[in-house]
Amino acid sequence: MAEDFRVTFFFGPDNVPGRPEVLTCVFNVKKRSWKGQVGVELTEEQLKRLRECGQLEELVEMIRAKVEPEDFIGYERRASDLFIQQVCWAKLDLAIASGMSQDNQTIVADIWEEELQRQVLLRRDNIRQAILTELDL
């Protein structure tokens, strides 16, 4: 059960060494007496599709309208990073729901692609709100 786990974001997105087309975010995960770190991978190609179904471009245009032109590039980069973090968190939730073992591990890029796309669609409004909140907009 996902509610049995406490998850906090640790760092990312970062490129995976030796695999420039793959990004990873790392989360601290706790459950009762177990505490570990879980990396979640996504490929650039996956992110391209997920950005479309998550309507990231529309959100970026909304941000453009709210910030000064000279500040926009920083907001745009941060929004992209925050989107990746939210998508990785959704993929981590899929792993937890599937009975993830209590080990330090990496959730590789090539699993749960369809399920993740469905999750991004279902969470689209929450993802957008989390990004806007983090950007203080």
# chains A, B, ... in the order shown; residues from 1 in each chain; ligands from 1

call {"tool": "residues_around", "arguments": {"residues": "Ile127 of chain A", "least_positions_apart": "2", "cutoff": "10 Å", "atoms": "only C-alpha atoms", "output": "ChimeraX atom specification"}}
result
/A:54,56,82-87,90,120-125,129-133

call {"tool": "write_last_selection", "arguments": {"atoms": "N, CA and C atoms", "output": "PDB file, in the first residue's frame"}}
result
ATOM      1  N   GLY A  54       0.662  15.718 -20.525  1.00  0.00           N
ATOM      2  CA  GLY A  54       0.580  16.536 -19.313  1.00  0.00           C
ATOM      3  C   GLY A  54       0.378  18.003 -19.599  1.00  0.00           C
ATOM      4  N   LEU A  56       2.364  20.281 -20.721  1.00  0.00           N
ATOM      5  CA  LEU A  56       3.395  21.148 -20.157  1.00  0.00           C
ATOM      6  C   LEU A  56       3.556  22.432 -20.968  1.00  0.00           C
ATOM      7  N   LEU A  82      10.577  20.526 -12.571  1.00  0.00           N
ATOM      8  CA  LEU A  82       9.503  20.156 -11.653  1.00  0.00           C
ATOM      9  C   LEU A  82       8.554  19.153 -12.294  1.00  0.00           C
ATOM     10  N   PHE A  83       8.297  19.296 -13.586  1.00  0.00           N
ATOM     11  CA  PHE A  83       7.462  18.333 -14.288  1.00  0.00           C
ATOM     12  C   PHE A  83       8.112  16.951 -14.259  1.00  0.00           C
ATOM     13  N   ILE A  84       9.399  16.890 -14.548  1.00  0.00           N
ATOM     14  CA  ILE A  84      10.116  15.609 -14.531  1.00  0.00           C
ATOM     15  C   ILE A  84      10.047  14.991 -13.138  1.00  0.00           C
ATOM     16  N   GLN A  85      10.229  15.792 -12.109  1.00  0.00           N
ATOM     17  CA  GLN A  85      10.155  15.283 -10.741  1.00  0.00           C
ATOM     18  C   GLN A  85       8.774  14.708 -10.446  1.00  0.00           C
ATOM     19  N   GLN A  86       7.734  15.407 -10.868  1.00  0.00           N
ATOM     20  CA  GLN A  86       6.366  14.932 -10.630  1.00  0.00           C
ATOM     21  C   GLN A  86       6.088  13.623 -11.372  1.00  0.00           C
ATOM     22  N   VAL A  87       6.584  13.526 -12.593  1.00  0.00           N
ATOM     23  CA  VAL A  87       6.384  12.301 -13.379  1.00  0.00           C
ATOM     24  C   VAL A  87       7.149  11.141 -12.745  1.00  0.00           C
ATOM     25  N   ALA A  90       5.223   9.907  -9.844  1.00  0.00           N
ATOM     26  CA  ALA A  90       4.098   9.064 -10.277  1.00  0.00           C
ATOM     27  C   ALA A  90       4.577   7.654 -10.615  1.00  0.00           C
ATOM     28  N   VAL A 120      -0.116  10.199 -15.621  1.00  0.00           N
ATOM     29  CA  VAL A 120       0.116  11.618 -15.916  1.00  0.00           C
ATOM     30  C   VAL A 120      -1.191  12.274 -16.364  1.00  0.00           C
ATOM     31  N   LEU A 121      -1.970  11.574 -17.179  1.00  0.00           N
ATOM     32  CA  LEU A 121      -3.270  12.114 -17.588  1.00  0.00           C
ATOM     33  C   LEU A 121      -4.195  12.299 -16.382  1.00  0.00           C
ATOM     34  N   LEU A 122      -4.236  11.292 -15.509  1.00  0.00           N
ATOM     35  CA  LEU A 122      -5.096  11.379 -14.327  1.00  0.00           C
ATOM     36  C   LEU A 122      -4.650  12.465 -13.362  1.00  0.00           C
ATOM     37  N   ARG A 123      -3.350  12.673 -13.269  1.00  0.00           N
ATOM     38  CA  ARG A 123      -2.793  13.630 -12.307  1.00  0.00           C
ATOM     39  C   ARG A 123      -2.477  14.992 -12.927  1.00  0.00           C
ATOM     40  N   ARG A 124      -2.844  15.178 -14.167  1.00  0.00           N
ATOM     41  CA  ARG A 124      -2.429  16.381 -14.899  1.00  0.00           C
ATOM     42  C   ARG A 124      -2.688  17.663 -14.110  1.00  0.00           C
ATOM     43  N   ASP A 125      -3.882  17.829 -13.576  1.00  0.00           N
ATOM     44  CA  ASP A 125      -4.194  19.054 -12.836  1.00  0.00           C
ATOM     45  C   ASP A 125      -3.353  19.164 -11.564  1.00  0.00           C
ATOM     46  N   GLN A 129      -0.654  22.082 -10.752  1.00  0.00           N
ATOM     47  CA  GLN A 129      -0.781  22.872  -9.530  1.00  0.00           C
ATOM     48  C   GLN A 129       0.483  22.793  -8.684  1.00  0.00           C
ATOM     49  N   ALA A 130       1.094  21.616  -8.609  1.00  0.00           N
ATOM     50  CA  ALA A 130       2.344  21.465  -7.841  1.00  0.00           C
ATOM     51  C   ALA A 130       3.451  22.326  -8.439  1.00  0.00           C
ATOM     52  N   ILE A 131       3.502  22.391  -9.760  1.00  0.00           N
ATOM     53  CA  ILE A 131       4.530  23.214 -10.430  1.00  0.00           C
ATOM     54  C   ILE A 131       4.277  24.688 -10.135  1.00  0.00           C
ATOM     55  N   LEU A 132       3.047  25.135 -10.293  1.00  0.00           N
ATOM     56  CA  LEU A 132       2.721  26.540 -10.036  1.00  0.00           C
ATOM     57  C   LEU A 132       2.975  26.916  -8.578  1.00  0.00           C
ATOM     58  N   THR A 133       2.661  26.019  -7.668  1.00  0.00           N
ATOM     59  CA  THR A 133       2.902  26.284  -6.249  1.00  0.00           C
ATOM     60  C   THR A 133       4.386  26.407  -5.978  1.00  0.00           C
TER      61      THR A 133
END

call {"tool": "residues_around", "arguments": {"residues": "Leu59 of chain A", "least_positions_apart": "4", "cutoff": "9 Å", "atoms": "only C-alpha atoms", "output": "number ranges by chain"}}
result
A: 55, 63-64, 79, 128, 132

call {"tool": "residues_around", "arguments": {"residues": "Phe27 of chain A", "least_positions_apart": "2", "cutoff": "6 Å", "atoms": "only C-alpha atoms", "output": "JSON, numbers by chain"}}
result
{"A": [8, 9, 10, 37, 38]}

call {"tool": "write_last_selection", "arguments": {"atoms": "N, CA, C and O atoms", "output": "PDB file, in the first residue's frame"}}
result
ATOM      1  N   THR A   8       9.962  11.289   0.108  1.00  0.00           N
ATOM      2  CA  THR A   8      10.386  12.670  -0.049  1.00  0.00           C
ATOM      3  C   THR A   8      11.346  12.749  -1.229  1.00  0.00           C
ATOM      4  O   THR A   8      12.145  11.838  -1.452  1.00  0.00           O
ATOM      5  N   PHE A   9      11.236  13.831  -1.953  1.00  0.00           N
ATOM      6  CA  PHE A   9      12.127  14.050  -3.083  1.00  0.00           C
ATOM      7  C   PHE A   9      13.527  14.331  -2.551  1.00  0.00           C
ATOM      8  O   PHE A   9      13.696  15.070  -1.590  1.00  0.00           O
ATOM      9  N   PHE A  10      14.556  13.750  -3.186  1.00  0.00           N
ATOM     10  CA  PHE A  10      15.936  13.960  -2.764  1.00  0.00           C
ATOM     11  C   PHE A  10      16.694  14.830  -3.761  1.00  0.00           C
ATOM     12  O   PHE A  10      17.165  15.896  -3.418  1.00  0.00           O
ATOM     13  N   GLN A  37      16.892   4.647  -0.651  1.00  0.00           N
ATOM     14  CA  GLN A  37      16.802   5.587  -1.762  1.00  0.00           C
ATOM     15  C   GLN A  37      16.419   4.829  -3.030  1.00  0.00           C
ATOM     16  O   GLN A  37      16.928   3.743  -3.285  1.00  0.00           O
ATOM     17  N   VAL A  38      15.529   5.443  -3.783  1.00  0.00           N
ATOM     18  CA  VAL A  38      15.062   4.840  -5.014  1.00  0.00           C
ATOM     19  C   VAL A  38      15.251   5.852  -6.138  1.00  0.00           C
ATOM     20  O   VAL A  38      14.764   6.981  -6.056  1.00  0.00           O
TER      21      VAL A  38
END

call {"tool": "closest_residue", "arguments": {"among": "A:Arg19, A:Ala109, A:Glu57, A:Lys30", "to": "Cys88 of chain A", "atoms": "only C-alpha atoms"}}
result
A:Ala109

call {"tool": "residues_around", "arguments": {"residues": "Val26 of chain A", "least_positions_apart": "3", "cutoff": "12 Å", "atoms": "only C-alpha atoms", "output": "compact mmCIF listing (two decimals) with N, CA, C and O atoms, in the first residue's frame"}}
result
# COMPACT_ATOMS: atom_id res chain seq x y z
N VAL A 7 7.45 9.18 1.31
CA VAL A 7 8.36 9.49 0.21
C VAL A 7 8.68 10.97 0.24
O VAL A 7 7.78 11.81 0.39
N THR A 8 9.96 11.29 0.11
CA THR A 8 10.39 12.67 -0.05
C THR A 8 11.35 12.75 -1.23
O THR A 8 12.15 11.84 -1.45
N PHE A 9 11.24 13.83 -1.95
CA PHE A 9 12.13 14.05 -3.08
C PHE A 9 13.53 14.33 -2.55
O PHE A 9 13.70 15.07 -1.59
N PHE A 10 14.56 13.75 -3.19
CA PHE A 10 15.94 13.96 -2.76
C PHE A 10 16.69 14.83 -3.76
O PHE A 10 17.16 15.90 -3.42
N PHE A 11 16.82 14.39 -5.02
CA PHE A 11 17.45 15.24 -6.02
C PHE A 11 17.12 14.78 -7.43
O PHE A 11 16.66 13.68 -7.64
N GLY A 12 17.41 15.66 -8.39
CA GLY A 12 17.21 15.38 -9.79
C GLY A 12 16.31 16.43 -10.41
O GLY A 12 15.82 17.32 -9.71
N PRO A 13 16.10 16.36 -11.65
CA PRO A 13 16.58 15.35 -12.58
C PRO A 13 18.05 15.56 -12.95
O PRO A 13 18.51 16.68 -13.09
N ASP A 14 18.73 14.44 -13.10
CA ASP A 14 20.12 14.42 -13.53
C ASP A 14 20.25 13.40 -14.65
O ASP A 14 19.50 12.42 -14.69
N ASN A 15 21.24 13.62 -15.50
CA ASN A 15 21.53 12.62 -16.53
C ASN A 15 22.18 11.41 -15.89
O ASN A 15 22.95 11.54 -14.95
N VAL A 16 21.86 10.24 -16.42
CA VAL A 16 22.47 9.00 -15.96
C VAL A 16 23.84 8.88 -16.64
O VAL A 16 23.92 8.98 -17.86
N LEU A 23 17.23 10.35 -17.90
CA LEU A 23 17.27 11.21 -16.72
C LEU A 23 16.82 10.40 -15.51
O LEU A 23 16.05 9.45 -15.64
N VAL A 29 12.80 6.98 0.57
CA VAL A 29 11.59 6.20 0.80
C VAL A 29 11.71 5.52 2.15
O VAL A 29 12.74 4.90 2.46
N GLY A 36 15.39 3.86 2.56
CA GLY A 36 16.29 3.69 1.44
C GLY A 36 16.12 4.79 0.41
O GLY A 36 15.34 5.72 0.59
N GLN A 37 16.89 4.65 -0.65
CA GLN A 37 16.80 5.59 -1.76
C GLN A 37 16.42 4.83 -3.03
O GLN A 37 16.93 3.74 -3.28
N VAL A 38 15.53 5.44 -3.78
CA VAL A 38 15.06 4.84 -5.01
C VAL A 38 15.25 5.85 -6.14
O VAL A 38 14.76 6.98 -6.06
N GLY A 39 15.98 5.43 -7.16
CA GLY A 39 16.14 6.24 -8.36
C GLY A 39 15.06 5.86 -9.35
O GLY A 39 14.70 4.69 -9.47
N VAL A 40 14.55 6.85 -10.05
CA VAL A 40 13.50 6.62 -11.04
C VAL A 40 13.99 7.19 -12.37
O VAL A 40 14.31 8.38 -12.45
N GLU A 41 14.05 6.35 -13.39
CA GLU A 41 14.57 6.76 -14.69
C GLU A 41 13.46 7.01 -15.69
O GLU A 41 12.43 6.34 -15.68
N LEU A 42 13.73 7.98 -16.58
CA LEU A 42 12.86 8.27 -17.72
C LEU A 42 13.75 8.62 -18.90
O LEU A 42 14.77 9.29 -18.72
N ILE A 84 9.40 16.89 -14.55
CA ILE A 84 10.12 15.61 -14.53
C ILE A 84 10.05 14.99 -13.14
O ILE A 84 9.80 13.79 -12.99
N GLN A 85 10.23 15.79 -12.11
CA GLN A 85 10.16 15.28 -10.74
C GLN A 85 8.77 14.71 -10.45
O GLN A 85 8.65 13.62 -9.85
N GLN A 86 7.73 15.41 -10.87
CA GLN A 86 6.37 14.93 -10.63
C GLN A 86 6.09 13.62 -11.37
O GLN A 86 5.44 12.72 -10.84
N CYS A 88 8.36 11.40 -12.30
CA CYS A 88 9.13 10.36 -11.61
C CYS A 88 8.42 9.91 -10.34
O CYS A 88 8.39 8.71 -10.02
N TRP A 89 7.84 10.83 -9.62
CA TRP A 89 7.10 10.49 -8.41
C TRP A 89 5.91 9.60 -8.76
O TRP A 89 5.62 8.62 -8.06
N LYS A 91 5.75 7.56 -11.25
CA LYS A 91 6.30 6.24 -11.58
C LYS A 91 6.70 5.49 -10.31
O LYS A 91 6.50 4.28 -10.20
N LEU A 92 7.24 6.20 -9.34
CA LEU A 92 7.57 5.58 -8.05
C LEU A 92 6.30 5.06 -7.39
O LEU A 92 6.29 3.95 -6.84
N ASN A 104 17.35 -0.39 -1.63
CA ASN A 104 17.81 0.70 -2.49
C ASN A 104 17.78 0.16 -3.91
O ASN A 104 18.23 -0.96 -4.16
N GLN A 105 17.23 0.93 -4.83
CA GLN A 105 17.06 0.41 -6.18
C GLN A 105 16.84 1.51 -7.18
O GLN A 105 16.64 2.67 -6.81
N THR A 106 16.85 1.11 -8.44
CA THR A 106 16.52 1.99 -9.54
C THR A 106 15.35 1.41 -10.30
O THR A 106 15.36 0.23 -10.66
N ILE A 107 14.36 2.24 -10.54
CA ILE A 107 13.23 1.85 -11.37
C ILE A 107 13.61 2.28 -12.78
O ILE A 107 13.66 3.47 -13.08

call {"tool": "decode", "arguments": {"residues": "segment 69-106 of chain A", "atoms": "N, CA and C atoms", "output": "mmCIF file, in the first residue's frame"}}
result
data_model
loop_
_atom_site.group_PDB
_atom_site.id
_atom_site.type_symbol
_atom_site.label_atom_id
_atom_site.label_comp_id
_atom_site.auth_asym_id
_atom_site.auth_seq_id
_atom_site.Cartn_x
_atom_site.Cartn_y
_atom_site.Cartn_z
ATOM 1 N N PRO A 69 9.539 39.156 -18.852
ATOM 2 C CA PRO A 69 10.257 38.471 -19.940
ATOM 3 C C PRO A 69 11.689 38.074 -19.572
ATOM 4 N N GLU A 70 12.386 38.914 -18.839
ATOM 5 C CA GLU A 70 13.775 38.597 -18.486
ATOM 6 C C GLU A 70 13.882 37.454 -17.471
ATOM 7 N N ASP A 71 12.792 37.138 -16.799
ATOM 8 C CA ASP A 71 12.792 36.049 -15.815
ATOM 9 C C ASP A 71 12.274 34.739 -16.393
ATOM 10 N N PHE A 72 11.680 34.806 -17.576
ATOM 11 C CA PHE A 72 10.965 33.645 -18.108
ATOM 12 C C PHE A 72 11.849 32.412 -18.285
ATOM 13 N N ILE A 73 13.048 32.555 -18.822
ATOM 14 C CA ILE A 73 13.891 31.381 -19.095
ATOM 15 C C ILE A 73 14.140 30.584 -17.816
ATOM 16 N N GLY A 74 14.397 31.250 -16.714
ATOM 17 C CA GLY A 74 14.590 30.559 -15.435
ATOM 18 C C GLY A 74 13.340 29.818 -14.995
ATOM 19 N N TYR A 75 12.185 30.452 -15.160
ATOM 20 C CA TYR A 75 10.921 29.804 -14.814
ATOM 21 C C TYR A 75 10.649 28.604 -15.715
ATOM 22 N N GLU A 76 10.947 28.761 -17.010
ATOM 23 C CA GLU A 76 10.718 27.672 -17.955
ATOM 24 C C GLU A 76 11.572 26.454 -17.609
ATOM 25 N N ARG A 77 12.843 26.680 -17.318
ATOM 26 C CA ARG A 77 13.726 25.561 -16.931
ATOM 27 C C ARG A 77 13.245 24.898 -15.649
ATOM 28 N N ARG A 78 12.890 25.710 -14.682
ATOM 29 C CA ARG A 78 12.440 25.165 -13.396
ATOM 30 C C ARG A 78 11.133 24.381 -13.567
ATOM 31 N N ALA A 79 10.222 24.896 -14.383
ATOM 32 C CA ALA A 79 8.956 24.187 -14.635
ATOM 33 C C ALA A 79 9.222 22.827 -15.266
ATOM 34 N N SER A 80 10.175 22.768 -16.192
ATOM 35 C CA SER A 80 10.521 21.493 -16.827
ATOM 36 C C SER A 80 11.085 20.512 -15.804
ATOM 37 N N ASP A 81 11.996 20.979 -14.960
ATOM 38 C CA ASP A 81 12.553 20.114 -13.912
ATOM 39 C C ASP A 81 11.465 19.628 -12.957
ATOM 40 N N LEU A 82 10.577 20.526 -12.571
ATOM 41 C CA LEU A 82 9.503 20.156 -11.653
ATOM 42 C C LEU A 82 8.554 19.153 -12.294
ATOM 43 N N PHE A 83 8.297 19.296 -13.586
ATOM 44 C CA PHE A 83 7.462 18.333 -14.288
ATOM 45 C C PHE A 83 8.112 16.951 -14.259
ATOM 46 N N ILE A 84 9.399 16.890 -14.548
ATOM 47 C CA ILE A 84 10.116 15.609 -14.531
ATOM 48 C C ILE A 84 10.047 14.991 -13.138
ATOM 49 N N GLN A 85 10.229 15.792 -12.109
ATOM 50 C CA GLN A 85 10.155 15.283 -10.741
ATOM 51 C C GLN A 85 8.774 14.708 -10.446
ATOM 52 N N GLN A 86 7.734 15.407 -10.868
ATOM 53 C CA GLN A 86 6.366 14.932 -10.630
ATOM 54 C C GLN A 86 6.088 13.623 -11.372
ATOM 55 N N VAL A 87 6.584 13.526 -12.593
ATOM 56 C CA VAL A 87 6.384 12.301 -13.379
ATOM 57 C C VAL A 87 7.149 11.141 -12.745
ATOM 58 N N CYS A 88 8.363 11.404 -12.296
ATOM 59 C CA CYS A 88 9.132 10.356 -11.613
ATOM 60 C C CYS A 88 8.420 9.908 -10.341
ATOM 61 N N TRP A 89 7.836 10.833 -9.624
ATOM 62 C CA TRP A 89 7.097 10.491 -8.406
ATOM 63 C C TRP A 89 5.907 9.596 -8.755
ATOM 64 N N ALA A 90 5.223 9.907 -9.844
ATOM 65 C CA ALA A 90 4.098 9.064 -10.277
ATOM 66 C C ALA A 90 4.577 7.654 -10.615
ATOM 67 N N LYS A 91 5.750 7.560 -11.247
ATOM 68 C CA LYS A 91 6.297 6.238 -11.581
ATOM 69 C C LYS A 91 6.703 5.493 -10.310
ATOM 70 N N LEU A 92 7.243 6.203 -9.340
ATOM 71 C CA LEU A 92 7.567 5.583 -8.049
ATOM 72 C C LEU A 92 6.299 5.056 -7.385
ATOM 73 N N ASP A 93 5.216 5.823 -7.449
ATOM 74 C CA ASP A 93 3.940 5.356 -6.893
ATOM 75 C C ASP A 93 3.481 4.066 -7.566
ATOM 76 N N LEU A 94 3.710 3.953 -8.876
ATOM 77 C CA LEU A 94 3.375 2.706 -9.578
ATOM 78 C C LEU A 94 4.204 1.541 -9.027
ATOM 79 N N ALA A 95 5.475 1.788 -8.784
ATOM 80 C CA ALA A 95 6.352 0.738 -8.249
ATOM 81 C C ALA A 95 5.907 0.318 -6.857
ATOM 82 N N ILE A 96 5.568 1.284 -6.033
ATOM 83 C CA ILE A 96 5.107 0.973 -4.677
ATOM 84 C C ILE A 96 3.811 0.167 -4.737
ATOM 85 N N ALA A 97 2.894 0.581 -5.589
ATOM 86 C CA ALA A 97 1.609 -0.127 -5.709
ATOM 87 C C ALA A 97 1.784 -1.548 -6.229
ATOM 88 N N SER A 98 2.859 -1.788 -6.970
ATOM 89 C CA SER A 98 3.082 -3.130 -7.505
ATOM 90 C C SER A 98 3.812 -4.038 -6.521
ATOM 91 N N GLY A 99 4.132 -3.516 -5.338
ATOM 92 C CA GLY A 99 4.801 -4.339 -4.333
ATOM 93 C C GLY A 99 6.311 -4.211 -4.356
ATOM 94 N N MET A 100 6.804 -3.029 -4.580
ATOM 95 C CA MET A 100 8.236 -2.768 -4.632
ATOM 96 C C MET A 100 8.947 -3.333 -3.398
ATOM 97 N N SER A 101 10.090 -3.955 -3.621
ATOM 98 C CA SER A 101 10.859 -4.493 -2.499
ATOM 99 C C SER A 101 11.485 -3.355 -1.709
ATOM 100 N N GLN A 102 11.766 -3.624 -0.458
ATOM 101 C CA GLN A 102 12.344 -2.614 0.413
ATOM 102 C C GLN A 102 13.863 -2.661 0.304
ATOM 103 N N ASP A 103 14.364 -2.213 -0.833
ATOM 104 C CA ASP A 103 15.795 -2.169 -1.123
ATOM 105 C C ASP A 103 16.109 -0.851 -1.799
ATOM 106 N N ASN A 104 17.354 -0.388 -1.634
ATOM 107 C CA ASN A 104 17.813 0.700 -2.490
ATOM 108 C C ASN A 104 17.780 0.160 -3.906
ATOM 109 N N GLN A 105 17.230 0.929 -4.825
ATOM 110 C CA GLN A 105 17.062 0.406 -6.176
ATOM 111 C C GLN A 105 16.838 1.508 -7.182
ATOM 112 N N THR A 106 16.847 1.105 -8.435
ATOM 113 C CA THR A 106 16.523 1.994 -9.539
ATOM 114 C C THR A 106 15.347 1.409 -10.305
#
